[in-house]
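Engineer: Next up, work-v9.cif (mmCIF, C-alpha atoms (C1' of nucleotides)).
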```
data_target
#
loop_
_atom_site.label_atom_id
_atom_site.label_comp_id
_atom_site.auth_asym_id
_atom_site.auth_seq_id
_atom_site.Cartn_x
_atom_site.Cartn_y
_atom_site.Cartn_z
CA MET A 3 -97.18 -20.19 -71.94
CA ALA A 4 -98.15 -17.82 -74.67
CA ILE A 5 -101.58 -18.10 -76.22
CA PHE A 6 -100.86 -16.22 -79.42
CA SER A 7 -97.76 -15.94 -81.55
CA SER A 8 -96.25 -12.61 -82.37
CA ARG A 9 -97.74 -12.98 -85.81
CA SER A 10 -100.97 -12.02 -84.07
CA GLU A 11 -99.34 -9.13 -82.32
CA TYR A 12 -97.93 -7.85 -85.59
CA GLY A 13 -101.16 -8.42 -87.44
CA VAL A 14 -103.25 -6.59 -84.89
CA ARG A 15 -100.85 -3.68 -84.83
CA LEU A 16 -101.04 -3.59 -88.59
CA MET A 17 -104.81 -3.59 -88.57
CA VAL A 18 -104.89 -0.82 -85.99
CA GLU A 19 -102.55 1.23 -88.13
CA LEU A 20 -104.81 0.75 -91.13
CA GLY A 21 -107.81 1.65 -89.03
CA ARG A 22 -106.25 4.99 -88.15
CA GLN A 23 -106.21 6.07 -91.78
CA GLU A 24 -109.10 7.12 -93.92
CA ALA A 25 -110.94 4.30 -95.60
CA GLU A 26 -110.04 3.33 -99.15
CA ARG A 27 -106.79 5.25 -98.94
CA PRO A 28 -103.98 2.74 -99.44
CA VAL A 29 -101.19 2.65 -96.88
CA SER A 30 -97.88 1.12 -97.85
CA LEU A 31 -96.34 -1.60 -95.76
CA LYS A 32 -93.17 0.37 -95.62
CA ALA A 33 -94.91 3.20 -93.82
CA ILE A 34 -96.35 0.79 -91.29
CA SER A 35 -93.09 -1.02 -90.77
CA GLU A 36 -91.40 2.27 -90.01
CA ALA A 37 -94.17 3.58 -87.81
CA GLU A 38 -94.37 0.40 -85.74
CA ASN A 39 -90.72 -0.54 -86.10
CA LEU A 40 -91.46 -3.99 -87.45
CA PRO A 41 -89.50 -5.90 -90.10
CA LEU A 42 -90.97 -5.18 -93.50
CA ALA A 43 -90.26 -8.58 -95.05
CA TYR A 44 -92.04 -10.35 -92.26
CA LEU A 45 -94.98 -7.97 -92.35
CA GLU A 46 -95.50 -9.01 -95.93
CA GLN A 47 -96.17 -12.54 -94.84
CA VAL A 48 -98.46 -11.37 -92.07
CA VAL A 49 -100.53 -9.10 -94.26
CA ALA A 50 -100.87 -11.88 -96.82
CA LEU A 51 -102.82 -13.87 -94.24
CA LEU A 52 -105.10 -10.93 -93.57
CA ARG A 53 -105.70 -10.46 -97.25
CA LYS A 54 -106.59 -14.12 -97.76
CA ALA A 55 -109.11 -13.75 -94.94
CA ASP A 56 -110.70 -10.77 -96.70
CA LEU A 57 -109.89 -8.44 -93.86
CA VAL A 58 -107.77 -6.07 -95.92
CA LYS A 59 -107.72 -5.11 -99.57
CA SER A 60 -104.67 -4.20 -101.58
CA ALA A 61 -103.52 -2.30 -104.66
CA ARG A 62 -100.27 -3.11 -106.40
CA GLY A 63 -97.85 -0.80 -108.09
CA ALA A 64 -96.58 2.61 -107.13
CA HIS A 65 -98.77 4.39 -104.56
CA GLY A 66 -100.37 1.08 -103.84
CA GLY A 67 -100.89 -0.34 -100.40
CA TYR A 68 -103.46 -1.83 -98.08
CA TRP A 69 -106.70 -0.69 -96.49
CA LEU A 70 -109.43 -2.24 -94.41
CA ALA A 71 -111.95 -4.30 -96.32
CA ARG A 72 -114.70 -3.16 -93.94
CA PRO A 73 -115.22 -0.34 -91.45
CA ALA A 74 -113.27 -0.96 -88.26
CA ASP A 75 -116.39 -1.26 -86.13
CA GLN A 76 -117.51 -4.20 -88.20
CA ILE A 77 -114.33 -6.17 -87.65
CA THR A 78 -114.12 -8.27 -84.50
CA MET A 79 -110.81 -9.48 -83.22
CA ASP A 80 -111.68 -13.14 -83.37
CA GLU A 81 -111.59 -12.85 -87.15
CA VAL A 82 -108.22 -11.20 -87.09
CA VAL A 83 -106.65 -13.70 -84.74
CA ALA A 84 -108.17 -16.62 -86.61
CA ALA A 85 -106.63 -15.36 -89.83
CA LEU A 86 -103.21 -15.14 -88.25
CA ASP A 87 -102.94 -18.03 -85.83
CA GLY A 88 -105.70 -20.29 -87.09
CA ALA A 89 -108.83 -21.36 -85.27
CA VAL A 90 -108.50 -20.93 -81.56
CA ALA A 91 -108.44 -24.34 -79.91
CA PRO A 92 -107.27 -25.12 -76.42
CA MET A 93 -105.67 -28.38 -77.57
CA GLU A 94 -104.46 -29.81 -80.84
CA CYS A 95 -107.13 -32.49 -80.65
CA PHE A 96 -109.81 -29.80 -80.84
CA ALA A 97 -110.14 -29.61 -84.58
CA PRO A 98 -112.92 -27.84 -86.38
CA THR A 99 -114.85 -30.39 -88.42
CA GLY A 100 -116.01 -29.04 -91.72
CA GLY A 101 -118.62 -26.33 -91.77
CA ASP A 102 -120.12 -27.13 -88.39
CA ASP A 103 -118.78 -25.48 -85.32
CA ARG A 104 -118.60 -28.88 -83.67
CA ILE A 105 -115.40 -30.00 -82.10
CA LEU A 106 -114.13 -33.44 -81.39
CA CYS A 107 -111.39 -34.85 -79.24
CA SER A 108 -109.53 -37.61 -80.93
CA HIS A 109 -107.87 -38.95 -77.82
CA LYS A 110 -110.85 -40.71 -76.37
CA ALA A 111 -112.60 -41.62 -79.57
CA ASP A 112 -111.27 -45.16 -79.40
CA ASP A 113 -112.34 -46.25 -75.96
CA GLY A 114 -115.46 -44.17 -76.00
CA THR A 115 -115.19 -42.83 -72.46
CA GLY A 116 -115.17 -39.19 -73.48
CA CYS A 117 -112.68 -36.64 -72.25
CA SER A 118 -113.13 -35.52 -68.69
CA THR A 119 -110.74 -32.77 -69.69
CA LYS A 120 -112.89 -31.78 -72.61
CA MET A 121 -115.20 -29.85 -70.34
CA LEU A 122 -112.28 -27.79 -69.10
CA TRP A 123 -110.87 -27.02 -72.52
CA THR A 124 -114.30 -26.13 -73.81
CA ARG A 125 -114.73 -23.60 -71.04
CA VAL A 126 -111.34 -22.07 -71.74
CA GLN A 127 -112.04 -21.90 -75.43
CA GLY A 128 -115.31 -20.17 -74.69
CA GLY A 129 -113.53 -17.64 -72.52
CA VAL A 130 -111.03 -16.79 -75.20
CA ILE A 131 -113.49 -16.58 -78.04
CA SER A 132 -115.95 -14.41 -76.17
CA SER A 133 -113.14 -12.06 -75.22
CA LEU A 134 -112.10 -11.79 -78.84
CA LYS A 135 -115.60 -11.48 -80.23
CA ARG A 136 -116.60 -8.61 -78.01
CA THR A 137 -113.59 -6.52 -78.99
CA THR A 138 -113.82 -4.64 -82.27
CA LEU A 139 -110.98 -3.14 -84.20
CA ALA A 140 -112.64 0.23 -83.78
CA GLU A 141 -112.11 0.01 -80.03
CA LEU A 142 -108.41 -0.61 -80.47
CA VAL A 143 -108.10 2.21 -82.96
CA GLU A 144 -109.83 4.55 -80.56
CA PHE A 145 -107.54 3.40 -77.76
CA SER A 146 -104.52 3.94 -79.97
CA ARG A 147 -105.62 7.44 -80.93
CA ARG A 148 -106.06 8.47 -77.32
CA ASN A 149 -102.62 7.24 -76.35
CA THR A 150 -100.66 8.87 -79.12
CA ARG A 151 -100.27 12.60 -79.03
CA GLU A 152 -99.67 13.06 -82.73
CA PRO A 153 -101.98 11.66 -85.38
CA SER A 154 -98.86 9.66 -86.10
CA THR A 155 -97.96 8.59 -89.58
CA VAL A 156 -100.57 10.34 -91.66
CA ALA A 157 -99.54 12.95 -94.22
CA ALA A 158 -96.44 11.36 -95.69
CA MET B 15 -103.60 -22.50 -82.66
CA ALA B 16 -103.41 -24.51 -79.51
CA ILE B 17 -103.48 -22.71 -76.19
CA PHE B 18 -102.09 -25.50 -74.06
CA SER B 19 -99.56 -28.21 -74.76
CA SER B 20 -100.38 -31.84 -74.31
CA ARG B 21 -98.36 -31.72 -71.13
CA SER B 22 -101.40 -29.96 -69.73
CA GLU B 23 -103.73 -32.57 -71.17
CA TYR B 24 -101.67 -35.37 -69.65
CA GLY B 25 -101.31 -33.59 -66.35
CA VAL B 26 -105.01 -32.89 -66.01
CA ARG B 27 -105.87 -36.47 -66.90
CA LEU B 28 -103.38 -37.59 -64.28
CA MET B 29 -104.89 -35.32 -61.66
CA VAL B 30 -108.38 -36.55 -62.47
CA GLU B 31 -107.22 -40.12 -62.12
CA LEU B 32 -105.74 -39.35 -58.72
CA GLY B 33 -108.93 -37.60 -57.72
CA ARG B 34 -110.94 -40.73 -58.42
CA GLN B 35 -109.02 -42.67 -55.79
CA GLU B 36 -109.34 -42.41 -52.05
CA ALA B 37 -107.20 -39.74 -50.49
CA GLU B 38 -103.79 -40.63 -49.09
CA ARG B 39 -103.81 -43.93 -50.94
CA PRO B 40 -100.85 -43.89 -53.32
CA VAL B 41 -101.50 -44.70 -56.94
CA SER B 42 -98.61 -45.84 -59.09
CA LEU B 43 -97.81 -44.07 -62.34
CA LYS B 44 -97.85 -47.43 -64.05
CA ALA B 45 -101.49 -47.92 -63.17
CA ILE B 46 -102.35 -44.49 -64.53
CA SER B 47 -100.34 -44.94 -67.67
CA GLU B 48 -102.21 -48.15 -68.39
CA ALA B 49 -105.61 -46.74 -67.50
CA GLU B 50 -105.18 -43.64 -69.63
CA ASN B 51 -102.94 -45.23 -72.22
CA LEU B 52 -100.18 -42.66 -71.85
CA PRO B 53 -96.42 -43.25 -72.04
CA LEU B 54 -95.07 -43.95 -68.57
CA ALA B 55 -91.67 -42.32 -69.03
CA TYR B 56 -93.23 -39.08 -70.15
CA LEU B 57 -95.77 -39.12 -67.32
CA GLU B 58 -92.84 -39.16 -64.93
CA GLN B 59 -91.75 -35.78 -66.22
CA VAL B 60 -95.26 -34.43 -66.08
CA VAL B 61 -95.94 -35.55 -62.54
CA ALA B 62 -92.62 -34.08 -61.43
CA LEU B 63 -93.96 -30.65 -62.33
CA LEU B 64 -97.10 -31.26 -60.33
CA ARG B 65 -95.07 -32.39 -57.37
CA LYS B 66 -92.86 -29.31 -57.47
CA ALA B 67 -96.02 -27.20 -57.44
CA ASP B 68 -97.23 -29.01 -54.32
CA LEU B 69 -100.29 -30.34 -56.07
CA VAL B 70 -99.47 -34.00 -55.51
CA LYS B 71 -97.49 -35.88 -52.91
CA SER B 72 -95.47 -39.00 -53.44
CA ALA B 73 -94.05 -42.06 -51.72
CA ARG B 74 -91.11 -43.95 -53.11
CA GLY B 75 -90.37 -47.61 -53.05
CA ALA B 76 -92.59 -50.62 -53.51
CA HIS B 77 -96.30 -49.83 -53.14
CA GLY B 78 -95.41 -46.20 -53.45
CA GLY B 79 -97.14 -43.76 -55.74
CA TYR B 80 -98.84 -40.40 -55.90
CA TRP B 81 -101.90 -38.81 -54.34
CA LEU B 82 -103.47 -35.38 -54.22
CA ALA B 83 -101.90 -32.94 -51.82
CA ARG B 84 -105.32 -31.41 -51.12
CA PRO B 85 -108.96 -32.43 -51.55
CA ALA B 86 -110.03 -32.16 -55.16
CA ASP B 87 -112.56 -29.41 -54.46
CA GLN B 88 -109.78 -27.19 -53.19
CA ILE B 89 -107.73 -27.47 -56.35
CA THR B 90 -108.55 -25.06 -59.15
CA MET B 91 -107.41 -25.73 -62.66
CA ASP B 92 -105.44 -22.54 -63.02
CA GLU B 93 -102.96 -23.96 -60.53
CA VAL B 94 -102.67 -27.19 -62.46
CA VAL B 95 -102.18 -25.54 -65.81
CA ALA B 96 -99.71 -23.03 -64.39
CA ALA B 97 -97.63 -25.89 -63.00
CA LEU B 98 -97.53 -27.61 -66.37
CA ASP B 99 -97.37 -24.88 -68.97
CA GLY B 100 -96.23 -21.92 -66.90
CA ALA B 101 -98.09 -18.70 -66.22
CA VAL B 102 -100.81 -18.05 -68.74
CA ALA B 103 -99.91 -15.05 -70.87
CA PRO B 104 -101.46 -14.10 -74.18
CA MET B 105 -98.09 -12.95 -75.55
CA GLU B 106 -94.46 -13.54 -74.72
CA CYS B 107 -94.06 -9.90 -73.82
CA PHE B 108 -96.54 -10.37 -70.98
CA ALA B 109 -94.10 -11.43 -68.33
CA PRO B 110 -94.88 -11.63 -64.63
CA THR B 111 -92.59 -9.19 -62.86
CA GLY B 112 -91.35 -10.51 -59.56
CA GLY B 113 -93.85 -10.88 -56.75
CA ASP B 114 -96.36 -8.42 -58.12
CA ASP B 115 -99.02 -9.55 -60.49
CA ARG B 116 -98.15 -6.63 -62.70
CA ILE B 117 -97.50 -7.22 -66.34
CA LEU B 118 -95.57 -5.20 -68.80
CA CYS B 119 -95.26 -5.15 -72.52
CA SER B 120 -91.73 -4.64 -73.64
CA HIS B 121 -92.54 -3.73 -77.22
CA LYS B 122 -93.69 -0.21 -76.65
CA ALA B 123 -91.57 0.65 -73.66
CA ASP B 124 -89.20 2.64 -75.83
CA ASP B 125 -91.48 5.05 -77.63
CA GLY B 126 -93.87 5.32 -74.73
CA THR B 127 -97.08 5.10 -76.70
CA GLY B 128 -98.34 2.02 -74.91
CA CYS B 129 -99.70 -1.03 -76.65
CA SER B 130 -103.03 -0.56 -78.27
CA THR B 131 -103.01 -4.33 -78.47
CA LYS B 132 -102.38 -4.63 -74.78
CA MET B 133 -106.03 -4.01 -74.05
CA LEU B 134 -106.97 -6.91 -76.26
CA TRP B 135 -104.48 -9.37 -74.77
CA THR B 136 -105.45 -8.36 -71.28
CA ARG B 137 -109.06 -9.16 -72.00
CA VAL B 138 -108.15 -12.53 -73.45
CA GLN B 139 -105.93 -13.35 -70.53
CA GLY B 140 -108.77 -12.48 -68.19
CA GLY B 141 -111.09 -14.78 -70.09
CA VAL B 142 -108.72 -17.70 -69.86
CA ILE B 143 -107.81 -17.26 -66.23
CA SER B 144 -111.38 -16.85 -65.08
CA SER B 145 -112.36 -19.99 -66.97
CA LEU B 146 -109.58 -21.90 -65.27
CA LYS B 147 -110.17 -20.47 -61.82
CA ARG B 148 -113.83 -21.34 -61.72
CA THR B 149 -113.23 -24.97 -62.59
CA THR B 150 -112.18 -27.25 -59.74
CA LEU B 151 -110.60 -30.64 -60.04
CA ALA B 152 -113.59 -32.04 -58.18
CA GLU B 153 -115.85 -31.03 -61.06
CA LEU B 154 -113.71 -32.90 -63.56
CA VAL B 155 -113.56 -35.96 -61.32
CA GLU B 156 -117.32 -35.93 -61.00
CA PHE B 157 -117.66 -35.56 -64.77
CA SER B 158 -115.26 -38.43 -65.31
CA ARG B 159 -117.13 -40.70 -62.90
CA ARG B 160 -120.43 -40.05 -64.64
CA ASN B 161 -119.04 -40.78 -68.09
CA THR B 162 -117.11 -43.96 -67.40
CA ARG B 163 -118.92 -46.01 -64.78
CA GLU B 164 -122.53 -45.33 -65.59
CA PRO B 165 -123.23 -45.67 -69.29
CA SER B 166 -126.96 -46.06 -68.58
CA THR B 167 -127.33 -42.65 -67.01
CA VAL B 168 -125.75 -40.86 -69.90
CA ALA B 169 -128.26 -38.50 -71.39
CA ALA B 170 -128.29 -35.62 -73.83
"C1'" DG C 2 -88.60 3.08 -118.27
"C1'" DT C 3 -88.01 3.87 -113.90
"C1'" DT C 4 -89.66 3.43 -109.49
"C1'" DA C 5 -92.58 2.00 -105.88
"C1'" DT C 6 -95.15 -1.35 -104.30
"C1'" DC C 7 -97.47 -5.79 -103.82
"C1'" DC C 8 -96.69 -10.72 -104.29
"C1'" DC C 9 -94.50 -15.31 -103.89
"C1'" DG C 10 -91.53 -19.12 -102.70
"C1'" DA C 11 -87.38 -20.85 -100.80
"C1'" DC C 12 -84.44 -20.91 -97.13
"C1'" DC C 13 -82.47 -20.77 -92.28
"C1'" DG C 14 -81.42 -20.85 -87.13
"C1'" DC C 15 -83.50 -21.48 -83.03
"C1'" DA C 16 -86.27 -23.05 -79.27
"C1'" DG C 17 -89.68 -25.88 -77.46
"C1'" DT C 18 -92.25 -30.23 -77.44
"C1'" DG C 19 -93.18 -34.95 -77.12
"C1'" DG C 20 -90.85 -38.86 -76.11
"C1'" DT C 21 -87.00 -42.36 -75.00
"C1'" DA C 22 -83.05 -44.39 -72.42
"C1'" DG C 23 -80.70 -45.63 -68.60
"C1'" DG C 24 -79.81 -45.61 -64.41
"C1'" DA C 25 -79.80 -44.28 -59.14
"C1'" DT C 26 -82.48 -44.37 -54.94
"C1'" DT C 27 -85.88 -45.82 -51.77
"C1'" DT C 28 -89.09 -49.04 -49.62
"C1'" DA C 29 -92.15 -53.26 -48.80
"C1'" DG C 30 -92.14 -57.71 -48.31
"C1'" DA C 31 -90.42 -62.74 -48.86
"C1'" DT D 8 -80.83 -59.91 -46.70
"C1'" DC D 9 -82.20 -60.06 -51.09
"C1'" DT D 10 -85.48 -58.74 -54.63
"C1'" DA D 11 -89.05 -56.38 -56.85
"C1'" DA D 12 -91.61 -52.21 -57.36
"C1'" DA D 13 -91.77 -47.91 -57.52
"C1'" DT D 14 -90.11 -42.89 -57.51
"C1'" DC D 15 -86.56 -39.88 -59.06
"C1'" DC D 16 -83.06 -37.80 -62.06
"C1'" DT D 17 -80.31 -36.52 -66.18
"C1'" DA D 18 -79.22 -36.72 -70.62
"C1'" DC D 19 -80.50 -37.25 -75.20
"C1'" DC D 20 -83.09 -37.04 -79.67
"C1'" DA D 21 -86.24 -36.07 -83.73
"C1'" DC D 22 -89.49 -33.16 -85.17
"C1'" DT D 23 -92.10 -29.02 -85.78
"C1'" DG D 24 -93.23 -24.32 -85.98
"C1'" DC D 25 -91.82 -19.68 -85.52
"C1'" DG D 26 -89.59 -15.47 -86.43
"C1'" DG D 27 -87.04 -13.70 -89.92
"C1'" DT D 28 -84.28 -13.06 -94.40
"C1'" DC D 29 -83.48 -13.11 -99.32
"C1'" DG D 30 -84.22 -12.83 -104.09
"C1'" DG D 31 -86.95 -12.12 -107.48
"C1'" DG D 32 -91.38 -11.52 -110.25
"C1'" DA D 33 -95.65 -8.86 -111.38
"C1'" DT D 34 -98.02 -4.53 -111.67
"C1'" DA D 35 -99.20 0.15 -111.78
"C1'" DA D 36 -98.20 5.38 -111.50
"C1'" DC D 37 -95.51 8.91 -113.22
#
```
As structure tokens - that is how I would like this structure written.
Structural biologist:
Amino acid sequence: MAIFSSRSEYGVRLMVELGRQEAERPVSLKAISEAENLPLAYLEQVVALLRKADLVKSARGAHGGYWLARPADQITMDEVVAALDGAVAPMECFAPTGGDDRILCSHKADDGTGCSTKMLWTRVQGGVISSLKRTTLAELVEFSRRNTREPSTVAA
Amino acid sequence: MAIFSSRSEYGVRLMVELGRQEAERPVSLKAISEAENLPLAYLEQVVALLRKADLVKSARGAHGGYWLARPADQITMDEVVAALDGAVAPMECFAPTGGDDRILCSHKADDGTGCSTKMLWTRVQGGVISSLKRTTLAELVEFSRRNTREPSTVAA
DNA sequence: GTTATCCCGACCGCAGTGGTAGGATTTAGA
DNA sequence: TCTAAATCCTACCACTGCGGTCGGGATAAC
């Protein structure tokens, strides 16, 4: 089964593309959609999620576009994925409760026995989150730069 | 977003329930469905996946039922989850290729740049799999026994 | 005013999921 | 030998979310 939707894939690619450009210099979605060969109309929806999560900033009008809200080395991938696919939970019954980072499993709330499976899902969740938290956007940008011969879509 | 479907939840609960019984003694699905309050007809589909993966054995007819194919401490949860939800992959484009445990990302095969996101998904996948591999069914059974039969010893 | 761009909401086909229905087959036991 | 209990199998269904499109509105540069 797939852990993340391709919204996440698209969103991460988009963020990497923004990270390759100079800060504060707006990049149009059209440029990104052509560089990464992704459907523009769908990217609009994806980038809207990133904007709501304060990960990117935008400018409207001609010569507008998007840029990173923070330096790439201060953006961890758990934020990005959370913005796109929601809070990472191994099961639907793992719902974040308010401001705490507590989780509860609704299945066994009635008979009070407590999930024996909860331990497992908690471990898995921990594995995913720690993997995401220790990866910064800057790392991906660096990786992307190394693997592309040309500085790609700059200029324009 | 949810990593696993509730098929996995049901299947793990089922496995734990089997692990609580003596080995080789068949347990009927009906008993499990009543104990765990899960729909019997759906459990039949779930347990069929576990049987195909050689994780449980079965006996038909009156007084038939299911039991673990191996001792619980020799069953790791990555096997169980794989049987229920398929191979764990962070993205759809991570497909197991034949007998190898190689993975490939189809998105960037054409322009040859290689996924910058691939590094991220590989890390996540590693986090999930290692969490699953280091958890045995025996641990969950033990956890379940402590939390249901002995309310007095519950601490913390 | 034109053009480029962000922004927004509605819509759609598809696949997968959780779940049901109904029966066929096998076996233990009266 | 009959019956009840159980596995097994196949088809079906409603719902949801996802990937994606479309049309249009707002806004800013030139």
Engineer: Counting all atoms listed in the file, which residues of chain B come no farther than 10 Å from chain D, as an NGL selection string?
Structural biologist: :B and (42-44 or 58-59 or 62 or 72-80)
Engineer: Keeping only C-alpha atoms, take the residues you just selected and write them out as an mmCIF file, keeping the file's coordinate frame.
Structural biologist:
```cif
data_model
loop_
_atom_site.group_PDB
_atom_site.id
_atom_site.type_symbol
_atom_site.label_atom_id
_atom_site.label_comp_id
_atom_site.auth_asym_id
_atom_site.auth_seq_id
_atom_site.Cartn_x
_atom_site.Cartn_y
_atom_site.Cartn_z
ATOM 1 C CA SER B 42 -98.610 -45.840 -59.090
ATOM 2 C CA LEU B 43 -97.810 -44.070 -62.340
ATOM 3 C CA LYS B 44 -97.850 -47.430 -64.050
ATOM 4 C CA GLU B 58 -92.840 -39.160 -64.930
ATOM 5 C CA GLN B 59 -91.750 -35.780 -66.220
ATOM 6 C CA ALA B 62 -92.620 -34.080 -61.430
ATOM 7 C CA SER B 72 -95.470 -39.000 -53.440
ATOM 8 C CA ALA B 73 -94.050 -42.060 -51.720
ATOM 9 C CA ARG B 74 -91.110 -43.950 -53.110
ATOM 10 C CA GLY B 75 -90.370 -47.610 -53.050
ATOM 11 C CA ALA B 76 -92.590 -50.620 -53.510
ATOM 12 C CA HIS B 77 -96.300 -49.830 -53.140
ATOM 13 C CA GLY B 78 -95.410 -46.200 -53.450
ATOM 14 C CA GLY B 79 -97.140 -43.760 -55.740
ATOM 15 C CA TYR B 80 -98.840 -40.400 -55.900
#
```
Engineer: Counting all atoms listed in the file, which residues of chain C fall within 8 Å of chain B, and what is the closest atom pair for each with its distance in Å at one decimal, ordered by chain and rising number, as a Markdown table?
Structural biologist:
```
| residue | atom | partner | partner_atom | distance |
| --- | --- | --- | --- | --- |
| C:DG20 | C1' | B:Tyr56 | CA | 6.4 |
| C:DT21 | C1' | B:Ala55 | CA | 7.6 |
| C:DT27 | C1' | B:Gly75 | CA | 5.0 |
| C:DT28 | C1' | B:Gly75 | CA | 3.9 |
| C:DA29 | C1' | B:Ala76 | CA | 5.4 |
```
Engineer: I'd like to see the residues matched by the PyMOL selection byres ((chain A) within 7 of (chain B)) on this file, and ideally I'd get them as a ChimeraX atom specification.
Structural biologist: /A:3-7,14-15,87-94,115-116,118-119,125-126,129-130,133-134,142,145-146,149-150
Engineer: Could you check how far atom C1' of DG19 of chain C sits from atom CA of Leu54 of chain B, in Å to one decimal?
Structural biologist: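 The value is 12.6 Å.
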Engineer: Quick one: distance from atom CA of Leu64 of chain B to atom CA of Gly25 of chain B in Å, one decimal?
Structural biologist: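 One can read the atom CA of Leu64 of chain B to atom CA of Gly25 of chain B distance as 7.7 Å.
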Engineer: Quick one, how far is atom CA of Ala74 of chain A from atom C1' of DT6 of chain C?
Structural biologist: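 One can read the atom CA of Ala74 of chain A to atom C1' of DT6 of chain C distance as 24.2 Å.
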Engineer: Can you patch up segment 56-75 of chain B, filling it in to N, CA and C atoms, and show the result as a PDB file, in the frame of the given file?
Structural biologist:
```
ATOM      1  N   TYR B  56     -92.892 -40.494 -69.992  1.00  0.00           N
ATOM      2  CA  TYR B  56     -93.230 -39.080 -70.150  1.00  0.00           C
ATOM      3  C   TYR B  56     -94.087 -38.602 -68.974  1.00  0.00           C
ATOM      4  N   LEU B  57     -94.956 -39.476 -68.489  1.00  0.00           N
ATOM      5  CA  LEU B  57     -95.770 -39.120 -67.320  1.00  0.00           C
ATOM      6  C   LEU B  57     -94.875 -38.777 -66.126  1.00  0.00           C
ATOM      7  N   GLU B  58     -93.743 -39.448 -66.042  1.00  0.00           N
ATOM      8  CA  GLU B  58     -92.840 -39.160 -64.930  1.00  0.00           C
ATOM      9  C   GLU B  58     -92.420 -37.687 -64.941  1.00  0.00           C
ATOM     10  N   GLN B  59     -92.127 -37.191 -66.122  1.00  0.00           N
ATOM     11  CA  GLN B  59     -91.750 -35.780 -66.220  1.00  0.00           C
ATOM     12  C   GLN B  59     -92.915 -34.869 -65.873  1.00  0.00           C
ATOM     13  N   VAL B  60     -94.078 -35.268 -66.316  1.00  0.00           N
ATOM     14  CA  VAL B  60     -95.260 -34.430 -66.080  1.00  0.00           C
ATOM     15  C   VAL B  60     -95.573 -34.365 -64.585  1.00  0.00           C
ATOM     16  N   VAL B  61     -95.559 -35.517 -63.946  1.00  0.00           N
ATOM     17  CA  VAL B  61     -95.940 -35.550 -62.540  1.00  0.00           C
ATOM     18  C   VAL B  61     -94.880 -34.848 -61.681  1.00  0.00           C
ATOM     19  N   ALA B  62     -93.660 -34.796 -62.179  1.00  0.00           N
ATOM     20  CA  ALA B  62     -92.620 -34.080 -61.430  1.00  0.00           C
ATOM     21  C   ALA B  62     -92.966 -32.609 -61.308  1.00  0.00           C
ATOM     22  N   LEU B  63     -93.556 -32.048 -62.377  1.00  0.00           N
ATOM     23  CA  LEU B  63     -93.960 -30.650 -62.330  1.00  0.00           C
ATOM     24  C   LEU B  63     -95.078 -30.436 -61.313  1.00  0.00           C
ATOM     25  N   LEU B  64     -95.995 -31.381 -61.270  1.00  0.00           N
ATOM     26  CA  LEU B  64     -97.100 -31.260 -60.330  1.00  0.00           C
ATOM     27  C   LEU B  64     -96.614 -31.388 -58.885  1.00  0.00           C
ATOM     28  N   ARG B  65     -95.611 -32.211 -58.712  1.00  0.00           N
ATOM     29  CA  ARG B  65     -95.070 -32.390 -57.370  1.00  0.00           C
ATOM     30  C   ARG B  65     -94.341 -31.125 -56.907  1.00  0.00           C
ATOM     31  N   LYS B  66     -93.571 -30.540 -57.818  1.00  0.00           N
ATOM     32  CA  LYS B  66     -92.860 -29.310 -57.470  1.00  0.00           C
ATOM     33  C   LYS B  66     -93.823 -28.190 -57.121  1.00  0.00           C
ATOM     34  N   ALA B  67     -95.012 -28.233 -57.710  1.00  0.00           N
ATOM     35  CA  ALA B  67     -96.020 -27.200 -57.440  1.00  0.00           C
ATOM     36  C   ALA B  67     -96.871 -27.552 -56.236  1.00  0.00           C
ATOM     37  N   ASP B  68     -96.501 -28.602 -55.523  1.00  0.00           N
ATOM     38  CA  ASP B  68     -97.230 -29.010 -54.320  1.00  0.00           C
ATOM     39  C   ASP B  68     -98.680 -29.361 -54.598  1.00  0.00           C
ATOM     40  N   LEU B  69     -98.927 -29.911 -55.756  1.00  0.00           N
ATOM     41  CA  LEU B  69    -100.290 -30.340 -56.070  1.00  0.00           C
ATOM     42  C   LEU B  69    -100.485 -31.811 -55.785  1.00  0.00           C
ATOM     43  N   VAL B  70     -99.403 -32.578 -55.875  1.00  0.00           N
ATOM     44  CA  VAL B  70     -99.470 -34.000 -55.510  1.00  0.00           C
ATOM     45  C   VAL B  70     -98.340 -34.310 -54.541  1.00  0.00           C
ATOM     46  N   LYS B  71     -98.553 -35.380 -53.783  1.00  0.00           N
ATOM     47  CA  LYS B  71     -97.490 -35.880 -52.910  1.00  0.00           C
ATOM     48  C   LYS B  71     -97.116 -37.279 -53.379  1.00  0.00           C
ATOM     49  N   SER B  72     -95.964 -37.729 -52.922  1.00  0.00           N
ATOM     50  CA  SER B  72     -95.470 -39.000 -53.440  1.00  0.00           C
ATOM     51  C   SER B  72     -94.848 -39.844 -52.332  1.00  0.00           C
ATOM     52  N   ALA B  73     -94.783 -41.149 -52.593  1.00  0.00           N
ATOM     53  CA  ALA B  73     -94.050 -42.060 -51.720  1.00  0.00           C
ATOM     54  C   ALA B  73     -93.238 -42.985 -52.603  1.00  0.00           C
ATOM     55  N   ARG B  74     -91.987 -43.126 -52.294  1.00  0.00           N
ATOM     56  CA  ARG B  74     -91.110 -43.950 -53.110  1.00  0.00           C
ATOM     57  C   ARG B  74     -91.173 -45.395 -52.653  1.00  0.00           C
ATOM     58  N   GLY B  75     -90.479 -46.208 -53.415  1.00  0.00           N
ATOM     59  CA  GLY B  75     -90.370 -47.610 -53.050  1.00  0.00           C
ATOM     60  C   GLY B  75     -91.575 -48.433 -53.456  1.00  0.00           C
TER      61      GLY B  75
END
```
